[in-house]
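Q: To be precise about what I am sending: the file is called target.txt and holds compact mmCIF, N, CA and C atoms.
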```
# COMPACT_ATOMS: atom_id res chain seq x y z
N MET A 1 69.85 40.66 73.48
CA MET A 1 69.61 39.61 74.46
C MET A 1 69.69 38.25 73.76
N ASP A 2 70.50 37.34 74.33
CA ASP A 2 70.68 36.01 73.76
C ASP A 2 69.54 35.06 74.13
N THR A 3 68.94 35.26 75.29
CA THR A 3 67.84 34.41 75.75
C THR A 3 66.69 35.28 76.24
N MET A 4 65.53 34.66 76.41
CA MET A 4 64.40 35.39 77.01
C MET A 4 64.51 35.40 78.52
N GLY A 5 65.30 34.47 79.06
CA GLY A 5 65.48 34.41 80.50
C GLY A 5 66.51 33.39 80.90
N ARG A 6 66.86 33.44 82.18
CA ARG A 6 67.81 32.50 82.76
C ARG A 6 67.13 31.84 83.95
N HIS A 7 67.20 30.51 84.01
CA HIS A 7 66.53 29.74 85.05
C HIS A 7 67.57 28.93 85.81
N VAL A 8 67.83 29.31 87.05
CA VAL A 8 68.76 28.58 87.90
C VAL A 8 67.97 27.63 88.78
N ILE A 9 68.35 26.37 88.76
CA ILE A 9 67.72 25.33 89.58
C ILE A 9 68.81 24.80 90.49
N ALA A 10 68.53 24.83 91.81
CA ALA A 10 69.56 24.42 92.77
C ALA A 10 69.01 23.39 93.75
N GLU A 11 69.83 22.39 94.01
CA GLU A 11 69.58 21.37 95.02
C GLU A 11 70.50 21.71 96.19
N LEU A 12 69.94 22.03 97.32
CA LEU A 12 70.74 22.43 98.49
C LEU A 12 70.69 21.34 99.55
N TRP A 13 71.86 20.81 99.91
CA TRP A 13 71.97 19.73 100.88
C TRP A 13 72.74 20.20 102.10
N GLY A 14 72.50 19.56 103.23
CA GLY A 14 73.22 19.87 104.46
C GLY A 14 72.84 21.23 105.02
N CYS A 15 71.59 21.63 104.77
CA CYS A 15 71.11 22.93 105.26
C CYS A 15 70.77 22.87 106.74
N ASN A 16 70.76 24.02 107.37
CA ASN A 16 70.38 24.15 108.77
C ASN A 16 68.90 23.77 108.91
N ILE A 17 68.63 22.75 109.71
CA ILE A 17 67.28 22.20 109.84
C ILE A 17 66.30 23.22 110.41
N GLU A 18 66.72 23.98 111.41
CA GLU A 18 65.84 24.98 112.01
C GLU A 18 65.47 26.07 111.00
N LYS A 19 66.44 26.50 110.21
CA LYS A 19 66.17 27.52 109.19
C LYS A 19 65.22 27.00 108.13
N LEU A 20 65.37 25.74 107.75
CA LEU A 20 64.49 25.15 106.74
C LEU A 20 63.05 25.05 107.20
N ASN A 21 62.84 25.08 108.50
CA ASN A 21 61.49 24.93 109.05
C ASN A 21 60.93 26.26 109.56
N ASN A 22 61.66 27.35 109.34
CA ASN A 22 61.27 28.66 109.84
C ASN A 22 60.75 29.52 108.68
N MET A 23 59.42 29.59 108.56
CA MET A 23 58.82 30.28 107.44
C MET A 23 59.22 31.76 107.39
N SER A 24 59.24 32.43 108.51
CA SER A 24 59.60 33.85 108.53
C SER A 24 61.03 34.06 108.04
N PHE A 25 61.95 33.20 108.49
CA PHE A 25 63.34 33.31 108.06
C PHE A 25 63.46 33.09 106.55
N ILE A 26 62.79 32.05 106.05
CA ILE A 26 62.88 31.74 104.62
C ILE A 26 62.28 32.88 103.79
N GLU A 27 61.13 33.37 104.22
CA GLU A 27 60.49 34.47 103.48
C GLU A 27 61.41 35.69 103.41
N GLN A 28 62.00 36.07 104.53
CA GLN A 28 62.89 37.23 104.54
C GLN A 28 64.14 36.98 103.71
N THR A 29 64.67 35.76 103.78
CA THR A 29 65.84 35.40 102.99
C THR A 29 65.56 35.53 101.50
N PHE A 30 64.40 35.08 101.07
CA PHE A 30 64.06 35.13 99.65
C PHE A 30 63.82 36.56 99.17
N VAL A 31 63.18 37.37 99.99
CA VAL A 31 63.00 38.78 99.63
C VAL A 31 64.37 39.46 99.56
N ASP A 32 65.23 39.21 100.54
CA ASP A 32 66.57 39.79 100.55
C ASP A 32 67.38 39.34 99.33
N ALA A 33 67.25 38.07 98.97
CA ALA A 33 67.98 37.54 97.81
C ALA A 33 67.54 38.24 96.53
N ALA A 34 66.24 38.42 96.38
CA ALA A 34 65.72 39.12 95.20
C ALA A 34 66.27 40.54 95.13
N LEU A 35 66.23 41.23 96.24
CA LEU A 35 66.71 42.62 96.28
C LEU A 35 68.21 42.69 96.04
N LYS A 36 68.95 41.75 96.62
CA LYS A 36 70.41 41.72 96.44
C LYS A 36 70.76 41.55 94.96
N ALA A 37 69.94 40.77 94.24
CA ALA A 37 70.17 40.55 92.81
C ALA A 37 69.74 41.74 91.96
N GLY A 38 69.05 42.69 92.58
CA GLY A 38 68.60 43.87 91.85
C GLY A 38 67.20 43.75 91.29
N ALA A 39 66.44 42.77 91.76
CA ALA A 39 65.08 42.55 91.27
C ALA A 39 64.09 43.45 92.00
N GLU A 40 62.94 43.61 91.39
CA GLU A 40 61.85 44.38 91.98
C GLU A 40 60.78 43.40 92.49
N VAL A 41 60.60 43.36 93.82
CA VAL A 41 59.65 42.43 94.43
C VAL A 41 58.23 42.93 94.22
N ARG A 42 57.34 42.04 93.76
CA ARG A 42 55.94 42.36 93.52
C ARG A 42 55.01 41.72 94.55
N GLU A 43 55.15 40.41 94.77
CA GLU A 43 54.29 39.70 95.71
C GLU A 43 55.07 38.60 96.40
N VAL A 44 54.60 38.22 97.59
CA VAL A 44 55.27 37.20 98.40
C VAL A 44 54.21 36.27 98.96
N ALA A 45 54.39 34.96 98.81
CA ALA A 45 53.45 33.99 99.38
C ALA A 45 54.23 32.76 99.85
N PHE A 46 54.09 32.45 101.15
CA PHE A 46 54.77 31.30 101.73
C PHE A 46 53.78 30.52 102.58
N HIS A 47 54.03 29.21 102.72
CA HIS A 47 53.16 28.34 103.51
C HIS A 47 54.01 27.40 104.35
N LYS A 48 53.67 27.27 105.62
CA LYS A 48 54.34 26.35 106.55
C LYS A 48 53.50 25.09 106.64
N PHE A 49 54.10 23.95 106.41
CA PHE A 49 53.41 22.67 106.49
C PHE A 49 53.58 22.05 107.87
N ALA A 50 52.64 21.20 108.26
CA ALA A 50 52.74 20.46 109.51
C ALA A 50 53.05 19.01 109.15
N PRO A 51 54.00 18.37 109.77
CA PRO A 51 54.74 18.86 110.91
C PRO A 51 55.95 19.72 110.54
N HIS A 52 56.40 19.68 109.28
CA HIS A 52 57.58 20.46 108.92
C HIS A 52 57.61 20.74 107.42
N GLY A 53 58.38 21.75 107.06
CA GLY A 53 58.56 22.13 105.67
C GLY A 53 57.90 23.45 105.33
N VAL A 54 58.49 24.12 104.37
CA VAL A 54 57.99 25.41 103.90
C VAL A 54 58.07 25.42 102.38
N SER A 55 57.03 25.96 101.75
CA SER A 55 57.05 26.22 100.32
C SER A 55 56.68 27.68 100.12
N GLY A 56 57.25 28.28 99.09
CA GLY A 56 56.91 29.67 98.87
C GLY A 56 57.44 30.21 97.57
N VAL A 57 56.95 31.41 97.27
CA VAL A 57 57.34 32.10 96.05
C VAL A 57 57.45 33.60 96.31
N VAL A 58 58.46 34.18 95.70
CA VAL A 58 58.57 35.63 95.63
C VAL A 58 58.42 35.97 94.15
N ILE A 59 57.36 36.69 93.84
CA ILE A 59 57.14 37.14 92.47
C ILE A 59 57.91 38.45 92.29
N ILE A 60 58.74 38.49 91.28
CA ILE A 60 59.50 39.70 90.97
C ILE A 60 59.08 40.19 89.59
N SER A 61 59.32 41.44 89.31
CA SER A 61 58.97 41.98 87.99
C SER A 61 59.63 41.16 86.89
N GLU A 62 60.78 40.59 87.20
CA GLU A 62 61.57 39.85 86.23
C GLU A 62 61.22 38.36 86.19
N SER A 63 60.40 37.83 87.08
CA SER A 63 59.85 36.47 87.11
C SER A 63 59.64 35.99 88.54
N HIS A 64 60.47 35.02 89.06
CA HIS A 64 60.17 34.47 90.38
C HIS A 64 61.36 33.77 91.04
N LEU A 65 61.22 33.58 92.37
CA LEU A 65 62.10 32.73 93.16
C LEU A 65 61.18 31.78 93.94
N THR A 66 61.51 30.50 94.00
CA THR A 66 60.69 29.54 94.74
C THR A 66 61.53 28.61 95.59
N ILE A 67 60.87 28.01 96.60
CA ILE A 67 61.51 27.03 97.47
C ILE A 67 60.51 25.97 97.89
N HIS A 68 61.02 24.78 98.09
CA HIS A 68 60.33 23.69 98.78
C HIS A 68 61.37 23.13 99.74
N SER A 69 61.11 23.23 101.06
CA SER A 69 62.10 22.76 102.03
C SER A 69 61.67 21.45 102.66
N PHE A 70 62.66 20.64 102.96
CA PHE A 70 62.47 19.32 103.57
C PHE A 70 63.41 19.23 104.76
N PRO A 71 63.05 19.87 105.89
CA PRO A 71 63.94 19.90 107.05
C PRO A 71 64.38 18.53 107.52
N GLU A 72 63.50 17.55 107.42
CA GLU A 72 63.82 16.21 107.88
C GLU A 72 64.98 15.59 107.09
N HIS A 73 65.30 16.18 105.94
CA HIS A 73 66.42 15.70 105.12
C HIS A 73 67.54 16.74 105.01
N GLY A 74 67.38 17.90 105.63
CA GLY A 74 68.37 18.96 105.50
C GLY A 74 68.49 19.46 104.08
N TYR A 75 67.39 19.41 103.35
CA TYR A 75 67.39 19.65 101.90
C TYR A 75 66.38 20.72 101.51
N ALA A 76 66.75 21.50 100.50
CA ALA A 76 65.82 22.45 99.89
C ALA A 76 66.02 22.45 98.38
N SER A 77 64.92 22.50 97.66
CA SER A 77 64.98 22.70 96.21
C SER A 77 64.55 24.14 95.95
N ILE A 78 65.38 24.87 95.21
CA ILE A 78 65.04 26.25 94.91
C ILE A 78 65.18 26.49 93.41
N ASP A 79 64.47 27.50 92.94
CA ASP A 79 64.74 27.96 91.60
C ASP A 79 64.58 29.47 91.55
N VAL A 80 65.38 30.05 90.68
CA VAL A 80 65.37 31.50 90.47
C VAL A 80 65.32 31.71 88.96
N TYR A 81 64.25 32.34 88.51
CA TYR A 81 64.05 32.56 87.09
C TYR A 81 63.97 34.06 86.85
N THR A 82 64.81 34.56 85.97
CA THR A 82 64.80 35.99 85.65
C THR A 82 64.68 36.16 84.14
N CYS A 83 63.80 37.04 83.74
CA CYS A 83 63.65 37.38 82.33
C CYS A 83 64.61 38.51 81.98
N GLY A 84 65.04 38.52 80.74
CA GLY A 84 65.95 39.58 80.31
C GLY A 84 67.36 39.30 80.74
N ASP A 85 68.20 40.29 80.59
CA ASP A 85 69.62 40.09 80.90
C ASP A 85 70.14 41.07 81.95
N ARG A 86 69.24 41.77 82.62
CA ARG A 86 69.64 42.77 83.61
C ARG A 86 70.06 42.15 84.94
N ILE A 87 69.48 41.01 85.30
CA ILE A 87 69.70 40.41 86.62
C ILE A 87 70.33 39.03 86.48
N ASP A 88 71.31 38.75 87.32
CA ASP A 88 71.96 37.43 87.35
C ASP A 88 71.28 36.58 88.43
N PRO A 89 70.54 35.53 88.04
CA PRO A 89 69.85 34.71 89.04
C PRO A 89 70.80 33.98 89.98
N ASN A 90 72.06 33.81 89.59
CA ASN A 90 73.03 33.15 90.45
C ASN A 90 73.32 33.95 91.71
N VAL A 91 73.21 35.27 91.63
CA VAL A 91 73.42 36.11 92.80
C VAL A 91 72.40 35.74 93.88
N ALA A 92 71.14 35.64 93.51
CA ALA A 92 70.09 35.27 94.47
C ALA A 92 70.26 33.84 94.94
N SER A 93 70.53 32.92 94.03
CA SER A 93 70.69 31.50 94.38
C SER A 93 71.83 31.30 95.38
N ASN A 94 72.97 31.92 95.13
CA ASN A 94 74.11 31.79 96.03
C ASN A 94 73.82 32.40 97.40
N TYR A 95 73.12 33.52 97.41
CA TYR A 95 72.74 34.17 98.67
C TYR A 95 71.86 33.22 99.51
N ILE A 96 70.89 32.59 98.87
CA ILE A 96 69.98 31.67 99.55
C ILE A 96 70.74 30.47 100.10
N ALA A 97 71.61 29.88 99.28
CA ALA A 97 72.39 28.70 99.71
C ALA A 97 73.21 29.04 100.95
N GLU A 98 73.84 30.19 100.95
CA GLU A 98 74.65 30.61 102.10
C GLU A 98 73.77 30.86 103.32
N ALA A 99 72.65 31.54 103.13
CA ALA A 99 71.75 31.87 104.25
C ALA A 99 71.18 30.61 104.91
N LEU A 100 70.92 29.58 104.12
CA LEU A 100 70.36 28.34 104.66
C LEU A 100 71.44 27.41 105.22
N GLY A 101 72.70 27.81 105.08
CA GLY A 101 73.80 27.02 105.62
C GLY A 101 74.07 25.75 104.84
N ALA A 102 73.78 25.74 103.54
CA ALA A 102 73.98 24.54 102.73
C ALA A 102 75.46 24.13 102.74
N SER A 103 75.72 22.85 102.94
CA SER A 103 77.09 22.36 102.87
C SER A 103 77.45 22.00 101.43
N THR A 104 76.44 21.67 100.64
CA THR A 104 76.64 21.31 99.23
C THR A 104 75.47 21.85 98.42
N SER A 105 75.78 22.34 97.23
CA SER A 105 74.71 22.73 96.31
C SER A 105 75.05 22.21 94.92
N GLU A 106 74.03 21.73 94.24
CA GLU A 106 74.14 21.34 92.84
C GLU A 106 73.29 22.32 92.06
N VAL A 107 73.90 22.99 91.09
CA VAL A 107 73.23 24.09 90.39
C VAL A 107 73.32 23.88 88.88
N ILE A 108 72.19 24.06 88.21
CA ILE A 108 72.19 24.12 86.75
C ILE A 108 71.53 25.43 86.35
N GLU A 109 71.97 25.96 85.23
CA GLU A 109 71.34 27.14 84.67
C GLU A 109 70.82 26.79 83.29
N VAL A 110 69.55 27.06 83.06
CA VAL A 110 68.91 26.74 81.79
C VAL A 110 68.53 28.05 81.10
N PRO A 111 69.05 28.28 79.89
CA PRO A 111 68.58 29.45 79.15
C PRO A 111 67.15 29.18 78.67
N ARG A 112 66.29 30.16 78.82
CA ARG A 112 64.88 29.98 78.44
C ARG A 112 64.60 30.72 77.13
N GLY A 113 63.66 30.16 76.37
CA GLY A 113 63.25 30.78 75.12
C GLY A 113 64.22 30.57 73.98
N MET A 114 65.02 29.52 74.06
CA MET A 114 66.05 29.27 73.04
C MET A 114 65.74 28.04 72.20
N GLY A 115 64.53 27.48 72.31
CA GLY A 115 64.24 26.27 71.56
C GLY A 115 64.41 25.06 72.46
N PRO A 116 64.86 23.92 71.92
CA PRO A 116 65.01 22.71 72.74
C PRO A 116 65.93 22.96 73.94
N VAL A 117 65.49 22.47 75.09
CA VAL A 117 66.26 22.66 76.32
C VAL A 117 67.48 21.73 76.31
N LYS A 118 68.64 22.32 76.57
CA LYS A 118 69.87 21.56 76.67
C LYS A 118 70.54 21.93 77.98
N VAL A 119 70.70 20.96 78.86
CA VAL A 119 71.40 21.19 80.11
C VAL A 119 72.85 20.76 79.88
N GLU A 120 73.72 21.75 79.85
CA GLU A 120 75.11 21.47 79.49
C GLU A 120 76.03 21.29 80.68
N LYS A 121 75.72 21.94 81.82
CA LYS A 121 76.68 21.93 82.90
C LYS A 121 75.97 21.96 84.24
N THR A 122 76.44 21.12 85.15
CA THR A 122 76.00 21.16 86.54
C THR A 122 77.19 21.60 87.36
N THR A 123 76.97 22.57 88.22
CA THR A 123 78.03 23.04 89.09
C THR A 123 77.76 22.52 90.50
N VAL A 124 78.74 21.87 91.09
CA VAL A 124 78.62 21.38 92.47
C VAL A 124 79.53 22.23 93.33
N ASN A 125 78.93 22.84 94.36
CA ASN A 125 79.69 23.67 95.30
C ASN A 125 79.66 23.01 96.67
N ALA A 126 80.80 22.84 97.26
CA ALA A 126 80.89 22.38 98.65
C ALA A 126 81.28 23.60 99.48
N PHE A 127 80.49 23.89 100.48
CA PHE A 127 80.74 25.07 101.30
C PHE A 127 81.48 24.71 102.56
```
Starting from the file, lay out its structure as structure tokens.
A:
Amino acid sequence: MDTMGRHVIAELWGCNIEKLNNMSFIEQTFVDAALKAGAEVREVAFHKFAPHGVSGVVIISESHLTIHSFPEHGYASIDVYTCGDRIDPNVASNYIAEALGASTSEVIEVPRGMGPVKVEKTTVNAF
């Protein structure tokens, strides 16, 4: 193993506003994303804010997936962190971006446990 983990951080823009404000939809999307990536789901916790927005986490055996949604801006910040090299966090991140209807995503992947953090590449996807 080259790293202790892989941490994908994604900025999702142009998302479906109704989906960003629907806690049940987001929760199911995140569980599905974890499973699609091959992760083992351990715990799930989500919270709906008033008047809008959802934050939540899916704890997986391999680490976690999180979201903070801002429906009023069509924006969500997500991260997917996986320990080891068995699971590709990009699989879950891409699944979430598609499910939320993101028109644009900015994604960085940070190797964890490698010493000083170096962000070498940002990937911008227009959907």
Q: Do a neighbour search on segment 10-19 of chain A at 7 Å with only C-alpha atoms, toss out local chain neighbours closer than 6 positions, and write the hits as a PDB file with N, CA and C atoms, in the frame of the given file.
A:
```
ATOM      1  N   PHE A  25      61.950  33.200 108.490  1.00  0.00           N
ATOM      2  CA  PHE A  25      63.340  33.310 108.060  1.00  0.00           C
ATOM      3  C   PHE A  25      63.460  33.090 106.550  1.00  0.00           C
ATOM      4  N   PRO A  71      63.050  19.870 105.890  1.00  0.00           N
ATOM      5  CA  PRO A  71      63.940  19.900 107.050  1.00  0.00           C
ATOM      6  C   PRO A  71      64.380  18.530 107.520  1.00  0.00           C
ATOM      7  N   GLY A  74      67.380  17.900 105.630  1.00  0.00           N
ATOM      8  CA  GLY A  74      68.370  18.960 105.500  1.00  0.00           C
ATOM      9  C   GLY A  74      68.490  19.460 104.080  1.00  0.00           C
ATOM     10  N   TYR A  75      67.390  19.410 103.350  1.00  0.00           N
ATOM     11  CA  TYR A  75      67.390  19.650 101.900  1.00  0.00           C
ATOM     12  C   TYR A  75      66.380  20.720 101.510  1.00  0.00           C
ATOM     13  N   ALA A  76      66.750  21.500 100.500  1.00  0.00           N
ATOM     14  CA  ALA A  76      65.820  22.450  99.890  1.00  0.00           C
ATOM     15  C   ALA A  76      66.020  22.450  98.380  1.00  0.00           C
ATOM     16  N   SER A  77      64.920  22.500  97.660  1.00  0.00           N
ATOM     17  CA  SER A  77      64.980  22.700  96.210  1.00  0.00           C
ATOM     18  C   SER A  77      64.550  24.140  95.950  1.00  0.00           C
ATOM     19  N   ILE A  78      65.380  24.870  95.210  1.00  0.00           N
ATOM     20  CA  ILE A  78      65.040  26.250  94.910  1.00  0.00           C
ATOM     21  C   ILE A  78      65.180  26.490  93.410  1.00  0.00           C
ATOM     22  N   ASP A  79      64.470  27.500  92.940  1.00  0.00           N
ATOM     23  CA  ASP A  79      64.740  27.960  91.600  1.00  0.00           C
ATOM     24  C   ASP A  79      64.580  29.470  91.550  1.00  0.00           C
ATOM     25  N   ALA A  97      71.610  29.880  99.280  1.00  0.00           N
ATOM     26  CA  ALA A  97      72.390  28.700  99.710  1.00  0.00           C
ATOM     27  C   ALA A  97      73.210  29.040 100.950  1.00  0.00           C
ATOM     28  N   LEU A 100      70.920  29.580 104.120  1.00  0.00           N
ATOM     29  CA  LEU A 100      70.360  28.340 104.660  1.00  0.00           C
ATOM     30  C   LEU A 100      71.440  27.410 105.220  1.00  0.00           C
ATOM     31  N   GLY A 101      72.700  27.810 105.080  1.00  0.00           N
ATOM     32  CA  GLY A 101      73.800  27.020 105.620  1.00  0.00           C
ATOM     33  C   GLY A 101      74.070  25.750 104.840  1.00  0.00           C
ATOM     34  N   ALA A 102      73.780  25.740 103.540  1.00  0.00           N
ATOM     35  CA  ALA A 102      73.980  24.540 102.730  1.00  0.00           C
ATOM     36  C   ALA A 102      75.460  24.130 102.740  1.00  0.00           C
ATOM     37  N   SER A 103      75.720  22.850 102.940  1.00  0.00           N
ATOM     38  CA  SER A 103      77.090  22.360 102.870  1.00  0.00           C
ATOM     39  C   SER A 103      77.450  22.000 101.430  1.00  0.00           C
ATOM     40  N   THR A 104      76.440  21.670 100.640  1.00  0.00           N
ATOM     41  CA  THR A 104      76.640  21.310  99.230  1.00  0.00           C
ATOM     42  C   THR A 104      75.470  21.850  98.420  1.00  0.00           C
ATOM     43  N   SER A 105      75.780  22.340  97.230  1.00  0.00           N
ATOM     44  CA  SER A 105      74.710  22.730  96.310  1.00  0.00           C
ATOM     45  C   SER A 105      75.050  22.210  94.920  1.00  0.00           C
ATOM     46  N   GLU A 106      74.030  21.730  94.240  1.00  0.00           N
ATOM     47  CA  GLU A 106      74.140  21.340  92.840  1.00  0.00           C
ATOM     48  C   GLU A 106      73.290  22.320  92.060  1.00  0.00           C
ATOM     49  N   VAL A 107      73.900  22.990  91.090  1.00  0.00           N
ATOM     50  CA  VAL A 107      73.230  24.090  90.390  1.00  0.00           C
ATOM     51  C   VAL A 107      73.320  23.880  88.880  1.00  0.00           C
ATOM     52  N   ILE A 108      72.190  24.060  88.210  1.00  0.00           N
ATOM     53  CA  ILE A 108      72.190  24.120  86.750  1.00  0.00           C
ATOM     54  C   ILE A 108      71.530  25.430  86.350  1.00  0.00           C
TER      55      ILE A 108
END
```
Q: In the coordinate frame of the file, compute which residues have an atom within 8 Å of (59.9, 28.1, 108.0) when using all atoms listed in the file, and state them as a list in words.
A: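 Checked against the point, the hits come out as Glu18, Lys19, Leu20, Asn21, Asn22, Met23, Ser24, Phe25, Ile26, Glu27, His47, Lys48, Phe49, His52, Gly53, Val54 and Ser55 of chain A.
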Q: If you run DSSP on this backbone, which residues of chain A come out as helix (DSSP H, G or I), and could you give them as a PyMOL selection string?
A: chain A and resi 17-20+23-36+71-73+89-99
Q: Looking at only C-alpha atoms, which of A:Val110, A:Ile96, A:Val91, A:Ile67 is the one that sits closest to Gly38 of chain A?
A: A:Val91
Q: Which of these residues is nearest to Pro51 of chain A, using only C-alpha atoms: A:Phe70, A:Val124, A:Arg86, A:Tyr81?
A: A:Phe70
Q: For Ser93 of chain A, which of A:Met4, A:Val44, A:Leu65, A:Ala50 is the closest residue, counting only C-alpha atoms?
A: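 The closest residue to Ser93 of chain A is A:Leu65.
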Q: Which one of A:Asp2, A:Ile9, A:His64, A:Ala37 sits closest to Asp88 of chain A if you count only C-alpha atoms?
A: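 Looking only at the distances to Asp88 of chain A, the closest residue turns out to be A:Ala37.
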Q: Where in segment 23-88 of chain A does DSSP assign strand (DSSP E), given as number ranges by chain?
A: A: 41-48, 54-60, 63-70, 75-83
Q: For atom CA of Glu40 of chain A and atom N of Gly5 of chain A, determine how far apart the two atoms are, in Å to one decimal place.
A: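 So the two atoms, atom CA of Glu40 of chain A and atom N of Gly5 of chain A, lie 16.6 Å apart.
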Q: In Å, rounded to a single decimal, give me how far atom CA of Glu43 of chain A is from atom CA of Glu62 of chain A.
A: 12.0 Å
Q: If I take atom C of Asp32 of chain A and atom N of Tyr95 of chain A, how far is one from the other in Å, to one decimal?
A: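 The value is 8.4 Å.
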Q: Kindly indicate which residue among A:Ala92, A:Arg42, A:Ser69, A:Ser61 lies nearest to Phe30 of chain A, using only C-alpha atoms for the distances.
A: A:Ala92
Q: Taking into account only N, CA and C atoms, which residue in the set A:Asn94, A:Thr66, A:Asn125, A:Gln28 is nearest to Val80 of chain A?
A: A:Thr66
